[in-house]
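Q: Supplied in structure tokens, the structure appears directly below.
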There are 2 protein chains.
Amino acid sequence: MSQTVDRALSILPLLAEGPADLGQVADRLGVHKSTALRLLRTLHEHGLVYRQSDQRYRLGARLFALAQEAMENLDIREIAHPHLVRLNEQCGHTVHLAVYEEGEVLYIDKVESRYPVRMYSRIGKPVAITVAAVAKLLLADLPEAERRAVAEKLEYPMYTARSTPNAPAFLRELEKVREQGWATDLGGHEESINCVAAPIRGADGRVVAAMSVSAPNVVVTADELLTLRPLVRRTADTISGEYSGRTPIKEAT
Amino acid sequence: MSQTVDRALSILPLLAEGPADLGQVADRLGVHKSTALRLLRTLHEHGLVYRQSDQRYRLGARLFALAQEAMENLDIREIAHPHLVRLNEQCGHTVHLAVYEEGEVLYIDKVESRYPVRMYSRIGKPVAITVAAVAKLLLADLPEAERRAVAEKLEYPMYTARSTPNAPAFLRELEKVREQGWATDLGGHEESINCVAAPIRGADGRVVAAMSVSAPNVVVTADELLTLRPLVRRTADTISGEYSGRTPIKEAT
DNA sequence: AATGAACGTTGCAGATAATGCAACATGAAA
DNA sequence: TTTCATGTTGCATTATCTGCAACGTTCATT
């Protein structure tokens, strides 16, 4: 809707792929170098873009700070966190919290069981939307039309033999999930990992978030993991209750 | 340098404080509502801004994804990570990796010892720059003039009685750190936590990152922690060597 | 050492594209 | 219902962005 801003913002995903110099940016934007320069300068002033020692541009530090603040402002995350921790203490496995937003599902919290490996690589990162248990719950709650639209537009990578293969299969799965009110991912993303998930609902009954417990086959079998379903569900319901009761009046000045 | 883009980008930090409606955004930008609307729409199309159910705007999901990708593209992080893990295995304590960027110091990696508590609240978040051991190392390496300028502009919050109180004290500390080539934070941020840090240098000798080991008093005394200094330093030097040797030719197409 | 290429940078004139206005639409409150 | 607040659209004005061409630098090559 605003050409200049549109161009400027298009630079960000471009730089996300890796550092680029002025010429490359200008080319990929389809504008003159001087134009690209001025856009980059503006992005730079706002800290969204950084100029490294070799003169090339890459994404800047302010971006992290913004993402952090945004994350911390999410009401659900704040409310849910202690419950996720408690659940983790009870069952010992990894616990996730995820939300849906315009075609994407992303983890906004995670409590890990054992290994502290690369935790940051997950939170904030888009979820494998076609297979993750939390994604199924979040998508299953969308209005029929939107659900269809999203499902059609997705890609269906076969992470494993059990991955959801295509849109029709996905929609069927969503329908099932919708009816039963919980979801699983049994080796659909990584061969040896299973998950059970439950929805967190707002006051109006709409699903506002979803949480899951994940564990590798070597620790517990899928069947054993499924015995946790009532516990997961109870936790989710507790969070739902707390979230619904709350009046989030926050008058920013 | 570009007014339109400048205005649009100013919306982001504004929304980072919390959700806001059209009127509030327009007011704080000092522009007409219609203008603000069009800017917000453009931000929205790029996923940087999300419109929640109550019509108010808040920061969007794409921001997280961008921050993620940006982080994963940092060469130093990639190179350093395995070494951080190894160090963690050897000493058992929390290990941090941080970089400096235009007035800010931020953690870009972390390997935690025990509790998986709120790891995400740290990575990507600006560091307590006036007290953190890694921050001292990074700032100590700046050219005299810039170091002064940064030090003058900082705030000096007294987290504890041992926090750096003001700019002169900070500059003295930086001078000391600069000479000795390592740094500590002994209860300057949180009363019971101590850190030892060492610099990671590029081929030209400039400090490109800093790493530290942190542990609470209850686990090891400050003196005990300081015995780890050689180990930390050796690890940092190893990373330095690996980072310098590398030719980072990455022709993005 | 000198030449040339590649890249980043600046000033300028023209024209596109952003702005504010005013009117309309919508929905909530009185 | 009326009223108020908020979001939205079309349009004329003009401020703002664009592309050009020339200049400055740096680096590699001859």
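The way I read the labels, and the way they are meant: chains A, B, ... in the order of the structure tokens, residue 1 as the first residue of every chain, and ligand 1 as the first ligand shown, with later ones counted on from there.
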With DSSP run on the backbone, what are the strand (DSSP E or B) residues within range 31-222 of chain A? I'd like them as a VMD selection string.
A: chain A and resid 49 to 51 57 to 59 94 to 101 104 to 111 126 183 to 186 193 to 201 207 to 216
Q: Once you count only C-alpha atoms (C1' of nucleotides), what closest atom pair and distance in Å to one decimal does each residue of chain C within 9 Å of chain A have, with rows by chain and rising residue number, as CSV?
A:
```
residue,atom,partner,partner_atom,distance
C:DC7,C1',A:Gly23,CA,7.9
C:DG8,C1',A:Leu22,CA,7.9
C:DT9,C1',A:Ser34,CA,8.1
C:DA17,C1',A:Gln3,CA,7.6
C:DA18,C1',A:Ser2,CA,7.7
```
Q: Quick one: residues within 12 Å of DC24 in chain C, only C-alpha atoms (C1' of nucleotides), excluding same-chain residues fewer than 6 positions away - as a PDB file with N, CA, C and O atoms (P, O5', C5', C4', C3', O3' and C1' of nucleotides), in the first residue's frame?
A:
```pdb
ATOM      1  P    DG D   7      -9.190   2.906  15.521  1.00  0.00           P
ATOM      2  O5'  DG D   7      -9.795   2.509  14.099  1.00  0.00           O
ATOM      3  C5'  DG D   7     -10.664   1.378  14.021  1.00  0.00           C
ATOM      4  C4'  DG D   7     -11.257   1.286  12.627  1.00  0.00           C
ATOM      5  C3'  DG D   7     -10.234   1.235  11.494  1.00  0.00           C
ATOM      6  O3'  DG D   7     -10.628   0.233  10.569  1.00  0.00           O
ATOM      7  C1'  DG D   7     -11.732   3.015  11.143  1.00  0.00           C
ATOM      8  P    DT D   8      -9.694  -0.135   9.332  1.00  0.00           P
ATOM      9  O5'  DT D   8     -10.312   0.716   8.141  1.00  0.00           O
ATOM     10  C5'  DT D   8     -11.680   0.516   7.782  1.00  0.00           C
ATOM     11  C4'  DT D   8     -12.058   1.434   6.640  1.00  0.00           C
ATOM     12  C3'  DT D   8     -11.036   1.512   5.503  1.00  0.00           C
ATOM     13  O3'  DT D   8     -11.634   0.988   4.329  1.00  0.00           O
ATOM     14  C1'  DT D   8     -11.865   3.662   6.091  1.00  0.00           C
ATOM     15  P    DT D   9     -10.814   0.851   2.974  1.00  0.00           P
ATOM     16  O5'  DT D   9     -11.298   2.153   2.204  1.00  0.00           O
ATOM     17  C5'  DT D   9     -12.634   2.233   1.752  1.00  0.00           C
ATOM     18  C4'  DT D   9     -12.823   3.534   0.998  1.00  0.00           C
ATOM     19  C3'  DT D   9     -11.867   3.746  -0.176  1.00  0.00           C
ATOM     20  O3'  DT D   9     -12.629   4.027  -1.338  1.00  0.00           O
ATOM     21  C1'  DT D   9     -11.909   5.657   1.229  1.00  0.00           C
ATOM     22  P    DG D  10     -12.027   4.071  -2.789  1.00  0.00           P
ATOM     23  O5'  DG D  10     -12.046   5.636  -3.093  1.00  0.00           O
ATOM     24  C5'  DG D  10     -13.245   6.360  -2.893  1.00  0.00           C
ATOM     25  C4'  DG D  10     -13.134   7.755  -3.452  1.00  0.00           C
ATOM     26  C3'  DG D  10     -12.264   7.925  -4.702  1.00  0.00           C
ATOM     27  O3'  DG D  10     -12.864   8.942  -5.519  1.00  0.00           O
ATOM     28  C1'  DG D  10     -11.297   9.140  -2.881  1.00  0.00           C
TER      29       DG D  10
END
```
Q: Please produce, as CSV, a per-residue contact table for chain D versus chain A (criterion: any atom at most 10 Å away, only C-alpha atoms (C1' of nucleotides) considered), showing the nearest atom pair and its distance in Å to one decimal, sorted by chain then residue number.
A:
```
residue,atom,partner,partner_atom,distance
D:DC17,C1',A:Thr4,CA,7.8
D:DT18,C1',A:Thr35,CA,6.8
D:DG19,C1',A:His32,CA,6.4
D:DC20,C1',A:His32,CA,9.4
```
Q: Could the residues of chain B within 6 Å of chain A, counting only C-alpha atoms, be given as an mmCIF file with C-alpha atoms, in the first residue's frame, please?
A:
```cif
data_model
loop_
_atom_site.group_PDB
_atom_site.id
_atom_site.type_symbol
_atom_site.label_atom_id
_atom_site.label_comp_id
_atom_site.auth_asym_id
_atom_site.auth_seq_id
_atom_site.Cartn_x
_atom_site.Cartn_y
_atom_site.Cartn_z
ATOM 1 C CA MET B 1 16.767 9.693 5.351
ATOM 2 C CA VAL B 5 10.086 4.545 5.882
ATOM 3 C CA ALA B 16 6.844 -3.174 21.322
ATOM 4 C CA THR B 42 2.129 -2.037 4.736
ATOM 5 C CA LEU B 59 4.114 -6.783 16.628
ATOM 6 C CA LEU B 63 9.572 -10.524 13.369
ATOM 7 C CA PHE B 64 10.445 -13.657 15.310
ATOM 8 C CA ALA B 65 11.271 -15.560 12.183
ATOM 9 C CA ALA B 67 15.341 -12.529 14.276
ATOM 10 C CA GLU B 69 17.266 -16.343 10.737
ATOM 11 C CA ALA B 70 19.496 -13.401 11.514
ATOM 12 C CA GLY B 124 18.879 -11.850 21.910
ATOM 13 C CA LYS B 125 18.164 -9.636 24.844
#
```
Q: Do you know which residues are at most 10 Å from Ile239 in chain B counting only C-alpha atoms (C1' of nucleotides), after dropping those on the same chain fewer than 3 positions away, and could you put them as a list in words?
A: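 Residues near the query, excluding close chain neighbours: Ile76, Ile79, Ala80, His81, Pro82, His83, Leu84, Pro199, Ile200, Arg201, Gly202, Ala209, Arg233, Arg234, Thr235, Ala236, Glu242, Tyr243, Ser244 and Gly245 of chain B.
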Q: Which residues come within 10 Å of Ala132 in chain A, counting only C-alpha atoms (C1' of nucleotides), excluding same-chain residues fewer than 3 positions away, as a tab-separated table (two decimals) with all heavy atoms, in the first residue's frame?
A:
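What landed in around-v7.tsv:
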```
chain	number	residue	atom	x	y	z
A	105	VAL	N	2.31	-21.02	12.41
A	105	VAL	CA	2.20	-21.45	13.80
A	105	VAL	C	3.59	-21.33	14.39
A	105	VAL	O	4.56	-21.76	13.78
A	105	VAL	CB	1.72	-22.91	13.91
A	105	VAL	CG1	1.84	-23.40	15.34
A	105	VAL	CG2	0.29	-23.03	13.42
A	127	VAL	N	6.72	-23.45	13.16
A	127	VAL	CA	6.57	-24.86	13.42
A	127	VAL	C	6.36	-25.64	12.11
A	127	VAL	O	5.88	-25.08	11.14
A	127	VAL	CB	5.35	-25.07	14.34
A	127	VAL	CG1	4.98	-26.53	14.45
A	127	VAL	CG2	5.61	-24.46	15.69
A	128	ALA	N	6.72	-26.90	12.13
A	128	ALA	CA	6.39	-27.77	11.00
A	128	ALA	C	4.87	-27.94	11.02
A	128	ALA	O	4.32	-28.83	11.65
A	128	ALA	CB	7.08	-29.11	11.14
A	129	ILE	N	4.22	-27.06	10.31
A	129	ILE	CA	2.79	-26.83	10.48
A	129	ILE	C	1.91	-28.01	10.06
A	129	ILE	O	0.81	-28.19	10.58
A	129	ILE	CB	2.39	-25.55	9.72
A	129	ILE	CG1	1.04	-25.02	10.19
A	129	ILE	CG2	2.39	-25.79	8.22
A	129	ILE	CD1	0.73	-23.66	9.65
A	135	ALA	N	0.01	-27.51	15.98
A	135	ALA	CA	-0.46	-26.87	14.75
A	135	ALA	C	-1.83	-27.42	14.37
A	135	ALA	O	-2.73	-26.67	13.96
A	135	ALA	CB	0.54	-27.09	13.63
A	136	LYS	N	-1.99	-28.71	14.50
A	136	LYS	CA	-3.28	-29.32	14.16
A	136	LYS	C	-4.40	-28.71	14.98
A	136	LYS	O	-5.47	-28.37	14.45
A	136	LYS	CB	-3.22	-30.83	14.39
A	136	LYS	CG	-2.29	-31.56	13.43
A	136	LYS	CD	-2.20	-33.05	13.81
A	136	LYS	CE	-1.14	-33.78	12.98
A	136	LYS	NZ	-0.89	-35.15	13.49
A	137	LEU	N	-4.17	-28.55	16.25
A	137	LEU	CA	-5.19	-27.99	17.13
A	137	LEU	C	-5.53	-26.55	16.74
A	137	LEU	O	-6.70	-26.17	16.69
A	137	LEU	CB	-4.72	-28.02	18.58
A	137	LEU	CG	-4.85	-29.38	19.26
A	137	LEU	CD1	-4.03	-29.42	20.53
A	137	LEU	CD2	-6.32	-29.66	19.56
A	163	SER	N	4.51	-38.52	7.85
A	163	SER	CA	4.13	-37.11	7.68
A	163	SER	C	2.83	-37.01	6.91
A	163	SER	O	2.52	-37.86	6.08
A	163	SER	CB	5.23	-36.35	6.93
A	163	SER	OG	6.44	-36.35	7.65
A	164	THR	N	2.07	-35.97	7.19
A	164	THR	CA	0.85	-35.72	6.44
A	164	THR	C	1.22	-35.44	4.99
A	164	THR	O	1.99	-34.52	4.72
A	164	THR	CB	0.12	-34.50	7.02
A	164	THR	OG1	0.04	-34.63	8.44
A	164	THR	CG2	-1.26	-34.36	6.42
A	183	ALA	N	-4.79	-33.61	20.08
A	183	ALA	CA	-4.07	-34.03	18.88
A	183	ALA	C	-2.76	-34.72	19.24
A	183	ALA	O	-2.26	-34.58	20.36
A	183	ALA	CB	-3.78	-32.82	18.00
A	184	THR	N	-2.25	-35.46	18.28
A	184	THR	CA	-0.95	-36.10	18.48
A	184	THR	C	-0.08	-35.92	17.24
A	184	THR	O	-0.58	-35.57	16.16
A	184	THR	CB	-1.09	-37.63	18.68
A	184	THR	OG1	-1.72	-38.18	17.51
A	184	THR	CG2	-1.91	-37.96	19.91
A	185	ASP	N	1.18	-36.10	17.43
A	185	ASP	CA	2.09	-36.24	16.29
A	185	ASP	C	2.95	-37.45	16.61
A	185	ASP	O	3.80	-37.41	17.48
A	185	ASP	CB	2.96	-35.00	16.12
A	185	ASP	CG	4.18	-35.28	15.24
A	185	ASP	OD1	4.10	-36.21	14.40
A	185	ASP	OD2	5.20	-34.58	15.39
A	186	LEU	N	2.70	-38.54	15.91
A	186	LEU	CA	3.44	-39.77	16.17
A	186	LEU	C	4.48	-39.97	15.08
A	186	LEU	O	4.20	-40.55	14.02
A	186	LEU	CB	2.47	-40.96	16.24
A	186	LEU	CG	1.37	-40.80	17.31
A	186	LEU	CD1	0.39	-41.96	17.26
A	186	LEU	CD2	1.97	-40.65	18.69
A	187	GLY	N	5.65	-39.46	15.33
A	187	GLY	CA	6.75	-39.63	14.38
A	187	GLY	C	6.54	-38.97	13.03
A	187	GLY	O	7.15	-39.36	12.05
A	188	GLY	N	5.71	-37.96	13.00
A	188	GLY	CA	5.44	-37.30	11.73
A	188	GLY	C	6.49	-36.26	11.37
A	188	GLY	O	6.64	-35.88	10.21
A	189	HIS	N	7.22	-35.81	12.38
A	189	HIS	CA	8.22	-34.77	12.12
A	189	HIS	C	9.62	-35.37	12.20
A	189	HIS	O	10.43	-35.22	11.29
A	189	HIS	CB	8.06	-33.63	13.11
A	189	HIS	CG	8.98	-32.49	12.81
A	189	HIS	ND1	9.14	-31.97	11.56
A	189	HIS	CD2	9.79	-31.77	13.62
A	189	HIS	CE1	10.02	-30.97	11.59
A	189	HIS	NE2	10.43	-30.84	12.82
A	194	ASN	N	7.44	-38.41	19.55
A	194	ASN	CA	5.98	-38.35	19.62
A	194	ASN	C	5.54	-37.19	20.49
A	194	ASN	O	6.25	-36.79	21.42
A	194	ASN	CB	5.45	-39.65	20.22
A	194	ASN	CG	5.92	-40.85	19.43
A	194	ASN	OD1	5.77	-40.90	18.21
A	194	ASN	ND2	6.51	-41.82	20.13
A	195	CYS	N	4.32	-36.69	20.21
A	195	CYS	CA	3.79	-35.58	20.99
A	195	CYS	C	2.30	-35.79	21.27
A	195	CYS	O	1.59	-36.39	20.47
A	195	CYS	CB	3.90	-34.25	20.24
A	195	CYS	SG	5.50	-33.91	19.51
A	196	VAL	N	1.86	-35.26	22.40
A	196	VAL	CA	0.42	-35.15	22.70
A	196	VAL	C	0.16	-33.69	22.97
A	196	VAL	O	0.91	-33.05	23.72
A	196	VAL	CB	0.01	-35.86	23.99
A	196	VAL	CG1	-1.41	-36.35	23.88
A	196	VAL	CG2	0.99	-36.93	24.37
A	197	ALA	N	-0.94	-33.17	22.42
A	197	ALA	CA	-1.22	-31.75	22.59
A	197	ALA	C	-2.66	-31.50	22.98
A	197	ALA	O	-3.55	-32.30	22.69
A	197	ALA	CB	-0.90	-31.00	21.30
A	212	SER	N	1.87	-28.79	24.17
A	212	SER	CA	2.13	-30.21	23.93
A	212	SER	C	3.26	-30.73	24.80
A	212	SER	O	4.07	-29.96	25.32
A	212	SER	CB	2.51	-30.42	22.46
A	212	SER	OG	3.77	-29.86	22.21
```
Q: May I ask for the distance between C1' of DG24 in chain D and CA of Ala145 in chain B, given in Å to one decimal place?
A: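 Calculated distance between C1' of DG24 in chain D and CA of Ala145 in chain B is 26.1 Å.
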Q: Considering only helix (DSSP H, G or I) as DSSP defines it on the backbone, what residues of range 6-203 of chain A qualify? List them as a ChimeraX atom specification.
A: /A:6-16,22-29,33-45,62-72,75-91,119-121,133-140,144-153,167-180
Q: Between CA of Leu87 in chain A and CA of Val220 in chain A, what is the distance in Å, rounded to a tenth?
A: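 Distance reported for this atom pair: 16.4 Å.
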